[in-house]
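Each remark here refers to the structure printed beneath this line.
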Amino acid sequence: MGVKVKVINGPNLNLLGTREPDIYGKDTLADIEAALTALGKELGCELEFFQSNHEGELVDCIQGCRGRVDGILLNPAAYTHYSYAIRDAVAAVGIPAVEVHISNIHQREAFRQQSVTAPVCCGQVVGFGVDSYLLGLRGLVGIIRGRKQHL
Ligand code: CA2
């Protein structure tokens, strides 16, 4: 049976590739989604994509994953740093989630160095640009297929 993964992107990531290329690179969200789709084919994994600038829509999307998908690849963007609602939604659905960030949040402003969502995720990949998503998908599919999670 094939694996199904929901890729969820938070606020302002729809603007990727249009501004701040020094931090976030030149790739657009469509480019990232295309690269993920190609890797998904290689891994035998079907992907669905969602992006929203609204916290409640992200919560609704995460809740809607229950019973429908096997894993969540999540870039909560700025909500990473303060959204207990998104954290609670990830914890509530009980589906393995991997958090990804384009930039290395641990090298940036103090407020970006904390993630309130990472503790309810299986792992976090930061700082590799588009590759953060690709590495995150590989790790997530491994966990879905039964690879041990390292605590
Ligand atoms: O590095 C990441 O992936 C972030 O999640 C990106 C978020 C930021 O708030 C997080 O701290 C780290 C912001 C995405 C904003 O993207 C823009 C893209 C183009 C122009 C302006 C913002």
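Ligands are numbered from 1 in the order shown, chains are lettered A, B, ... in the order of the structure tokens, and residues start at 1 in each chain.
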Which of chain A fall in alpha helix (DSSP H), as an MDAnalysis selection string
chainID A and resid 21:24 29:43 55:64 84:93 130:144
Would you list the residues that come within 10 Å of ligand 1? Count only C-alpha atoms and all ligand atoms and give the answer as an NGL selection string.
:A and (9-29 or 74-81 or 99-106 or 108-109 or 111-115 or 125-130 or 132-133)
What's the 12 Å shell around Ile144 (chain A), counting only C-alpha atoms, without same-chain residues fewer than 5 positions away, as a PyMOL selection string?
chain A and resi 1-5+43+45+69-73+95-98+122+137-139+149
Taking only C-alpha atoms into account, name the residue in A:Gly123, A:Val141, A:Asp88, A:Ala110 that is nearest to Lys6 (chain A).
A:Val141
With only C-alpha atoms as the basis for distance, which of A:Leu134, A:Val120, A:Ile143, A:Leu58 is at the shortest distance from Ala38 (chain A)?
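Of all the options, A:Leu134 lies closest to Ala38 (chain A).
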Residue among A:Lys41, A:Arg145, A:Arg66, A:His150 lying closest to Ala92 (chain A), counting only C-alpha atoms:
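Of A:Lys41, A:Arg145, A:Arg66, A:His150, the one nearest Ala92 (chain A), counting only C-alpha atoms, is A:Arg66.
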